[in-house]
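Asks: The structure is given below, and queries will be raised subsequently.
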Amino acid sequence: MSFDNSLSYDPNDPKSIEAHARKLIGKTLRNVLPHAKTLRVGSSNNRTNKGSFGTILEEFYFNYKPNNSREPDFPRAGVELKSTPLKKLAHGELVPKERLVLNMINYRDIVEETWETSSFTKKNLLLLLIFYLWQENTSDIDYLIKLAGLWKFPEKDLEQMKQDWEAIREKVIKGKAHEISEGDTFYLGAARKGHKEGPIKYCEDAPPAKQRAFSLKSNYVRFILAQMQARQAKWEKETGPLFDSVDDLIESGGIENRVRERFSHFLGKNIPEICRILGLTPSQGKSRYDMITRGILGITSKRIEEFEKADIILRTIRLKENNMPKEAISFSSFRIKELVEEDWDNSAILENLGKKFLFVVYQYQRPVGDKEFNNEYLFLRKVFFWNMPYEDLENVVRFAWEKVKKDFLLGHGSPLKSSDEMIIHIRPHAKNSQDLDVMPNGTFTTKKSFWLNQKYLKQVIENYN
DNA sequence: GCATGATCATGC
DNA sequence: GCATGATCATGC
């Protein structure tokens, strides 16, 4: 399979594929594909403009040629794309219109396979599901896409599916493929599927059997739908938007302009004044300045929808008069055992530091002789997007990470100091000193995380103008 | 006064 | 109960 170079997502990364898929929610293929009307799908000698929803989606939205490979659709990410119709019941409830067909059953191959090595598990363990609302007399490009997201089967369901798969395999081994019926199994069914040539001969001594495909029964699809709807509802509850509507986005000129605009009214103001304008009372929590920053963005104590989608990390920094950040910046605590198993390319720190940051910088300006870091003296100074230069990541952070990994394996609990001047350092990040993590040698140490060095941050902020 | 270790309030 | 996004505390 070949991928377009100019993809607007990373086909090797499940999260990126999912993010691309989620942009479809609330839209139709016609909305997202400018030339949808004239699209012609299929191979060159078999082109048609009556492509089904799934083929149009694959070929023109995800930009790869549909295939019959035994690999998942996104082989490096291990993600299999499936789109499936919903229908609306009289009282408005959305339910799956049909079972979800997965891969074809190959009667000759399955007898040689085990569940673990099967073409089924190779292909279908991580699904990207796109649910669209089917409507009568409507062309595929006009179906409204209701839901999109990754789906992983719960472990106990996989166990049942394994048993179902084995039951189907048993029948084939006994030469009874022609007797297979959907009632044989529980979650994973063997659905009759296509094949105009009629029953196929798969074994000398057995009667020919109809072609079948592994499928999820429609009530199982209903369960998936409910789970994904719940996840979507939770997400909506926990996130707030920067824009109320398309018009709002167009008028304000996109995320970057909206962010500048929101902060511009507050630049140069001190904390008490910002809080007065916003009607906020600063909390006692250590993340109080983060909350004020979110207040300026118009989204209090909620995740920001557009930042989540664009993978932007928002960080608030307080500078002292000499431009030195008062504190370093922390990342999530890691599990040492996971860190030492990582390669650089899939390391958590590379993933984090590879992202785009929005730095919101406040600075103290204290009257001469006053040593108090009082909110009165803290002013909003700079707001800017930043991402770490490639050379810093590859020439410094990479070696820092290698040292950390090596030292943890040798049993050192605090492998990298900020005085090592390697951009990042390791420090405790825990509830308290009893909140522990396990070292490779079995001893315990306080949970740790990576932190961005203050000196490095000072340079980054000074370099921005 | 900085570097390092320890910990907090909050939201889910 | 844990992660988040930070700040607080202390020893050198």
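Note on naming: chains are A, B, ... as they come in the structure tokens, residues start from 1 per chain, ligands start from 1 in the order shown.
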Residues of chain A no more than 12 Å from chain C, counting only C-alpha atoms (C1' of nucleotides): send them over as a VMD selection string.
Replies: chain A and resid 284 to 291 293 301 to 303 313 to 318 326 to 334 429 to 431 435 451
Asks: For Ala226 of chain A, please output as a PyMOL selection string all residues within 12 Å (counting only C-alpha atoms (C1' of nucleotides); exclusion window: fewer than 4 positions along the same chain).
Replies: chain A and resi 93-96+131+147+151+219-222+230-233
Asks: Could you tell me how far atom CA of Gly442 of chain A lies from atom CA of Lys403 of chain A, in Å and to one decimal?
Replies: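 So the answer is 19.5 Å.
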Asks: From a DSSP pass on the backbone, collect the residues of segment 179-385 of chain A flagged as helix (DSSP H, G or I) and hand them back as a PyMOL selection string.
Replies: chain A and resi 179+182-184+218-238+246-252+255-264+271-278+288-297+305-310+336-339+344-346+348-353+375-377
Asks: I'd like to know which residues of segment 188-393 of chain A are strand (DSSP E) (by DSSP, run on the backbone); could you write them as number ranges by chain?
Replies: A: 188-192, 212-216, 239-240, 303-304, 312-319, 329-334, 356-364, 378-386
Asks: Could you work out how far atom CA of Trp401 of chain A lies from atom CA of Val460 of chain A, giving the answer in Å with one decimal?
Replies: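 About the pair atom CA of Val460 of chain A and atom CA of Trp401 of chain A: they are 20.3 Å apart.
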Asks: Expressed in Å to a single decimal, how great is the separation between atom CA of His412 of chain A and atom CA of Gly354 of chain A?
Replies: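 Taking atom CA of His412 of chain A and atom CA of Gly354 of chain A, their separation equals 26.7 Å.
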Asks: Give me the residues near segment 362-374 of chain A as a list in words, where near means some atom within 8 Å (using only C-alpha atoms (C1' of nucleotides)) and where sequence neighbours in that chain fewer than 2 positions away do not count.
Replies: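 The filter keeps Thr316, Ile317, Arg318, Leu319, Lys320, Glu321, Asn323, Val360, Glu376, Tyr377, Leu378, Phe379, Leu380, Arg381 and Lys382 of chain A.
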Asks: Which one of A:Phe357, A:Tyr107, A:Tyr187, A:Trp235 sits closest to Lys210 of chain A if you count only C-alpha atoms?
Replies: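 Result for the nearest residue to Lys210 of chain A: A:Tyr107.
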